Each structure stands twice: as C-alpha cells, then as structure tokens.
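Asker: Below is the file coords_34.cif, with mmCIF, C-alpha atoms.
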data_work
#
loop_
_atom_site.label_atom_id
_atom_site.label_comp_id
_atom_site.auth_asym_id
_atom_site.auth_seq_id
_atom_site.Cartn_x
_atom_site.Cartn_y
_atom_site.Cartn_z
CA MET C 59 -45.13 62.94 83.64
CA LYS C 60 -46.45 63.33 80.11
CA GLN C 61 -50.12 62.58 79.60
CA LYS C 62 -50.67 60.02 76.86
CA PHE C 63 -53.71 60.12 74.63
CA ASP C 64 -55.24 57.66 72.20
CA ILE C 65 -53.61 58.41 68.84
CA LYS C 66 -55.64 55.76 67.03
CA GLU C 67 -58.89 57.35 68.13
CA LYS C 68 -57.69 60.74 66.83
CA LEU C 69 -56.60 59.22 63.51
CA ILE C 70 -59.96 57.61 62.80
CA ASP C 71 -62.02 60.63 63.82
CA ASP C 72 -64.14 62.37 61.22
CA ILE C 73 -61.81 63.83 58.55
CA ARG C 74 -63.40 67.27 59.08
CA ASP C 75 -62.05 67.23 62.63
CA PHE C 76 -58.69 65.75 61.67
CA LYS C 77 -55.81 68.23 61.95
CA ALA C 78 -52.54 66.47 61.13
CA PRO C 79 -50.17 69.32 62.10
CA VAL C 80 -51.87 69.77 65.49
CA LEU C 81 -51.85 66.03 66.14
CA ALA C 82 -48.15 65.89 65.21
CA GLU C 83 -47.35 68.53 67.83
CA TYR C 84 -49.27 66.59 70.51
CA ILE C 85 -47.50 63.35 69.61
CA LEU C 86 -44.06 64.92 69.82
CA LYS C 87 -44.94 66.72 73.04
CA ASN C 88 -46.13 63.43 74.59
CA GLU C 89 -43.25 61.39 73.14
CA GLN C 90 -45.57 58.97 71.31
CA GLU C 91 -43.63 58.73 68.04
CA ALA C 92 -43.09 54.97 68.36
CA GLU C 93 -46.83 54.41 68.76
CA LEU C 94 -47.52 56.57 65.70
CA VAL C 95 -45.01 54.61 63.63
CA GLY C 96 -46.71 51.38 64.72
CA LEU C 97 -50.02 52.76 63.44
CA ALA C 98 -48.35 53.88 60.20
CA LEU C 99 -47.34 50.25 59.64
CA ASP C 100 -50.85 48.93 60.38
CA LYS C 101 -52.73 46.82 57.80
CA ASP C 102 -55.76 49.15 58.01
CA LEU C 103 -55.32 51.35 54.93
CA LEU C 104 -57.06 54.45 56.29
CA LEU C 105 -55.31 54.25 59.64
CA SER C 106 -51.85 53.72 58.14
CA SER C 107 -52.34 56.49 55.58
CA ARG C 108 -53.41 59.04 58.19
CA ALA C 109 -50.65 57.97 60.58
CA MET C 110 -48.04 58.46 57.84
CA TRP C 111 -49.53 61.87 57.07
CA VAL C 112 -49.11 62.89 60.71
CA LEU C 113 -45.63 61.33 60.79
CA GLY C 114 -44.64 63.56 57.89
CA HIS C 115 -45.69 66.57 59.94
CA CYS C 116 -43.74 65.21 62.93
CA SER C 117 -40.67 64.95 60.71
CA ASN C 118 -41.13 68.53 59.53
CA ILE C 119 -41.34 69.71 63.14
CA ASP C 120 -38.47 67.62 64.55
CA TYR C 121 -36.70 65.42 62.01
CA LYS C 122 -34.31 63.94 64.59
CA ARG C 123 -37.19 62.39 66.54
CA ILE C 124 -38.41 60.50 63.45
CA LYS C 125 -35.02 59.53 62.02
CA PRO C 126 -34.65 56.43 64.27
CA PHE C 127 -37.73 54.94 62.55
CA HIS C 128 -36.51 55.36 58.97
CA SER C 129 -35.48 51.72 58.58
CA LYS C 130 -38.95 50.49 59.64
CA LEU C 131 -40.62 52.90 57.23
CA ILE C 132 -38.37 51.86 54.36
CA ASP C 133 -38.88 48.15 55.11
CA ASN C 134 -42.62 48.78 55.00
CA LEU C 135 -42.32 49.66 51.30
CA LYS C 136 -41.72 45.94 50.67
CA ASN C 137 -45.33 45.20 51.62
CA LYS C 138 -47.91 44.72 48.89
CA GLY C 139 -51.15 46.66 48.80
CA LEU C 140 -49.96 49.74 50.69
CA HIS C 141 -52.22 52.77 50.54
CA ASN C 142 -50.70 55.30 48.15
CA GLY C 143 -50.77 57.81 51.03
CA VAL C 144 -48.33 55.62 52.95
CA ILE C 145 -45.98 55.42 49.97
CA ARG C 146 -46.36 59.13 49.21
CA ASN C 147 -45.65 60.20 52.78
CA THR C 148 -42.73 57.80 53.15
CA LEU C 149 -41.16 59.18 49.97
CA GLY C 150 -42.05 62.67 51.16
CA LEU C 151 -39.79 62.20 54.18
CA PHE C 152 -36.91 61.36 51.88
CA GLN C 153 -37.47 64.26 49.50
CA LYS C 154 -36.21 66.50 52.30
CA HIS C 155 -33.82 64.15 54.11
CA SER C 156 -31.33 61.61 52.89
CA VAL C 157 -32.05 57.92 52.69
CA PRO C 158 -29.77 55.90 54.99
CA GLU C 159 -26.89 54.65 52.83
CA LYS C 160 -27.59 50.96 53.49
CA TYR C 161 -31.11 51.42 52.00
CA GLU C 162 -30.20 53.55 48.98
CA ALA C 163 -30.21 50.68 46.45
CA PHE C 164 -33.55 49.34 47.67
CA VAL C 165 -35.22 52.77 47.77
CA LEU C 166 -33.82 53.64 44.34
CA ASP C 167 -35.25 50.40 42.90
CA MET C 168 -38.63 51.16 44.47
CA CYS C 169 -38.53 54.71 43.11
CA TYR C 170 -37.85 53.41 39.59
CA LYS C 171 -40.79 51.04 39.97
CA TYR C 172 -43.09 53.88 41.03
CA ILE C 173 -41.78 56.27 38.35
CA LYS C 174 -42.34 53.79 35.53
CA ASN C 175 -45.84 52.78 36.65
CA PRO C 176 -48.37 55.09 34.93
CA SER C 177 -51.17 53.80 37.18
CA GLU C 178 -49.30 54.88 40.33
CA ALA C 179 -50.60 58.02 42.05
CA ILE C 180 -49.15 61.21 40.55
CA ALA C 181 -47.73 62.44 43.85
CA VAL C 182 -46.03 59.08 44.47
CA ARG C 183 -44.39 59.23 41.03
CA ALA C 184 -43.34 62.85 41.46
CA PHE C 185 -41.87 62.24 44.91
CA ALA C 186 -40.10 59.12 43.59
CA ILE C 187 -38.41 61.19 40.88
CA THR C 188 -37.06 63.60 43.50
CA VAL C 189 -35.92 60.85 45.86
CA ALA C 190 -34.23 58.99 42.98
CA TYR C 191 -32.45 62.20 42.01
CA ASN C 192 -31.35 62.86 45.59
CA ILE C 193 -29.88 59.36 45.89
CA SER C 194 -28.26 59.51 42.44
CA LYS C 195 -26.55 62.89 42.90
CA ALA C 196 -23.51 61.28 44.50
CA TYR C 197 -23.12 58.65 41.76
CA PRO C 198 -22.58 59.83 38.14
CA GLU C 199 -23.54 56.42 36.70
CA LEU C 200 -26.86 56.50 38.59
CA LEU C 201 -27.54 60.03 37.37
CA GLU C 202 -27.04 58.81 33.83
CA GLU C 203 -29.45 55.93 34.41
CA LEU C 204 -32.07 58.25 35.93
CA SER C 205 -31.67 60.64 33.01
CA MET C 206 -32.27 57.81 30.52
CA ILE C 207 -35.38 56.66 32.38
CA LEU C 208 -36.79 60.19 32.50
CA HIS C 209 -36.03 60.86 28.83
CA HIS C 210 -37.77 57.59 27.96
CA LEU C 211 -40.90 58.71 29.85
CA ILE C 212 -41.24 62.14 28.23
CA PRO C 213 -43.02 61.04 25.02
CA THR C 214 -45.58 58.88 26.82
CA GLU C 215 -46.26 61.01 29.90
CA ASN C 216 -49.66 62.70 29.96
CA THR C 217 -49.77 64.36 33.36
CA PRO C 218 -48.53 67.95 33.61
CA ALA C 219 -47.18 67.43 37.15
CA ILE C 220 -44.97 64.51 36.11
CA LYS C 221 -43.84 66.28 32.92
CA ALA C 222 -42.83 69.30 34.98
CA ARG C 223 -41.00 67.17 37.57
CA ILE C 224 -39.17 65.31 34.78
CA LYS C 225 -38.20 68.57 33.06
CA ASN C 226 -36.95 70.17 36.28
CA THR C 227 -35.05 67.06 37.35
CA LEU C 228 -33.35 66.76 33.95
CA LYS C 229 -32.29 70.42 34.24
CA MET C 230 -30.82 69.72 37.70
CA ILE C 231 -28.95 66.69 36.32
CA VAL C 232 -27.44 68.75 33.49
CA LYS C 233 -26.45 71.51 35.92
CA LEU C 234 -24.90 69.01 38.33
CA GLU C 235 -22.93 67.31 35.56
CA LYS C 236 -21.61 70.70 34.32
CA ASN C 237 -20.32 71.51 37.80
CA ARG C 238 -18.36 68.26 38.21
#
Translate the structure of the given file into structure tokens.

Answerer:
Amino acid sequence: MKQKFDIKEKLIDDIRDFKAPVLAEYILKNEQEAELVGLALDKDLLLSSRAMWVLGHCSNIDYKRIKPFHSKLIDNLKNKGLHNGVIRNTLGLFQKHSVPEKYEAFVLDMCYKYIKNPSEAIAVRAFAITVAYNISKAYPELLEELSMILHHLIPTENTPAIKARIKNTLKMIVKLEKNR
C-alpha cells in the first residue's frame, strides 16, 4: 500500500525548502494527482499557484497521469482573480501538449485575451502566444487571425520577451503557410 503524505503542508512550507520537481515525483509515486489538482483549484492564491507549479512538473514526468484532469484545469481559467502562476502553469501544460478539441475555441479566446492585455504577466502572454499558435496550426483562417493580432501588437510592445515570441511565432506561421 502506498503511503500518503500531506501535500498541502508541503506546498505551504517555507519557499526555501520547497522543491517542486521532488514533490512531483512523490505525488506520482503515491498516486495523489487528484488531490494535487484539487489544491491547484483552491481559492488560496499561494496554494493554488504552488500546486499548479508542481502539477506542471508532474506533467513533464508523466503526461498521461495528468491528462485526465485537463478539462478541470481549463474550466478553472473561467474563474476571476486567478494567480498568474496558475494561468502560466496551465498554459505551460498546453505549450507542450495539445488542448482537447472540445476546449480549443475557449482556450484560444482566453489566449487572445491574455496576449492583448499588456498588464498580464509576461510569461502568461508568451505562453498564450505559443498555445494560440499550436491550436491555430490546423486551421488556416485561425493562423491568419493570430498573425493579424501579433502584427498589431508589434508597434506597441515594449517587452523583449514578448517581441521575441511574436517574431518567432510569425516566422513559424510563414513557414507553415509555405509548406501547405
């Protein structure tokens, strides 16, 4: 029998003692993914942010174990006042893995919202650009829309990270369109 441990206690420990990759391994070993997802959806901003951070590591270790929770994580994006770490780590999952088809339109709309919001965290905006591109790849009309949005942002964008992500994404769009 697997020995369970208190994930919440580990998540709220002193940040200097907090090791997300190690905690992710323990959670997967002890089959406590569902509990971790519950904490990632918690109203406590610090707790949910740290839980999502660990969940990202769990996904990197064993994507298939986290995949069943994708719908809950996507639905969570509907909530107001989420910690940007929760948004960032949710989008981070979908930079590497595809968004379930039934959620593509919703996630794409959310990504556009994040991309266009200059007060959104830089990492959230950058991840949103990549997720929007990944969703749009299969749909030429969506690629065209994403390209227009990104071109519109270029003159007003001040952050080097977002400028670089825009530039690289536009290059990928052009390359993809040439190969069709």

Asker: Running the PyMOL selection byres ((chain C and resi 130) around 12) on this model by hand, what would come out? Give it as a list in words.

Answerer: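 When the PyMOL selection byres ((chain C and resi 130) around 12) is applied to the shown file, the picked residues are Ala92, Val95, Gly96, Leu97, Ala98, Leu99, Ile124, Lys125, Pro126, Phe127, His128, Ser129, Leu131, Ile132, Asp133, Asn134, Leu135, Lys136, Asn137, Thr148, Pro158 and Tyr161 of chain C.
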
Asker: Can you tell me, as a list in words, what residues are no more than 10 Å from C:Ile207 when counting only C-alpha atoms, ignoring any on the same chain fewer than 4 positions away?

Answerer: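 Counting only C-alpha atoms, the residues come to Tyr170, Ile173, Lys174, Leu201, Glu202, Glu203, Leu211, Ile212 and Ile224 of chain C.
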
Asker: Contacts of C:Gly143 at 7 Å or less, counting all atoms listed in the file, minus same-chain residues fewer than 3 places along, as a list in words?

Answerer: Ser107, Arg146 and Asn147 of chain C

Asker: Please, what distance in Å, to one decimal, runs between atom CA of C:Ala109 and atom CA of C:Lys221?

Answerer: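 So the two atoms, atom CA of C:Ala109 and atom CA of C:Lys221, lie 29.7 Å apart.
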
Asker: If we count all atoms listed in the file, what is near C:Glu89 at a cut-off of 12 Å, once residues fewer than 5 positions away on the same chain are taken out, given as a PyMOL selection string?

Answerer: chain C and resi 59-63+65+82-84+94-95+116+120+123-124

Asker: For atom CA of C:Ala181 and atom CA of C:Tyr197, determine how far apart the two atoms are, in Å to one decimal place.

Answerer: 25.0 Å

Asker: Grab the atom CA of C:Phe185 to atom CA of C:Gln90 distance for me, in Å with one decimal place.

Answerer: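 Interatomic distance here is 26.9 Å.
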
Asker: Nearest residue to C:Ile180 out of C:Leu113, C:Leu204, C:Leu234, C:Ile220, using all atoms listed in the file?

Answerer: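 Residue with the minimum atom-to-atom distance to C:Ile180: C:Ile220.
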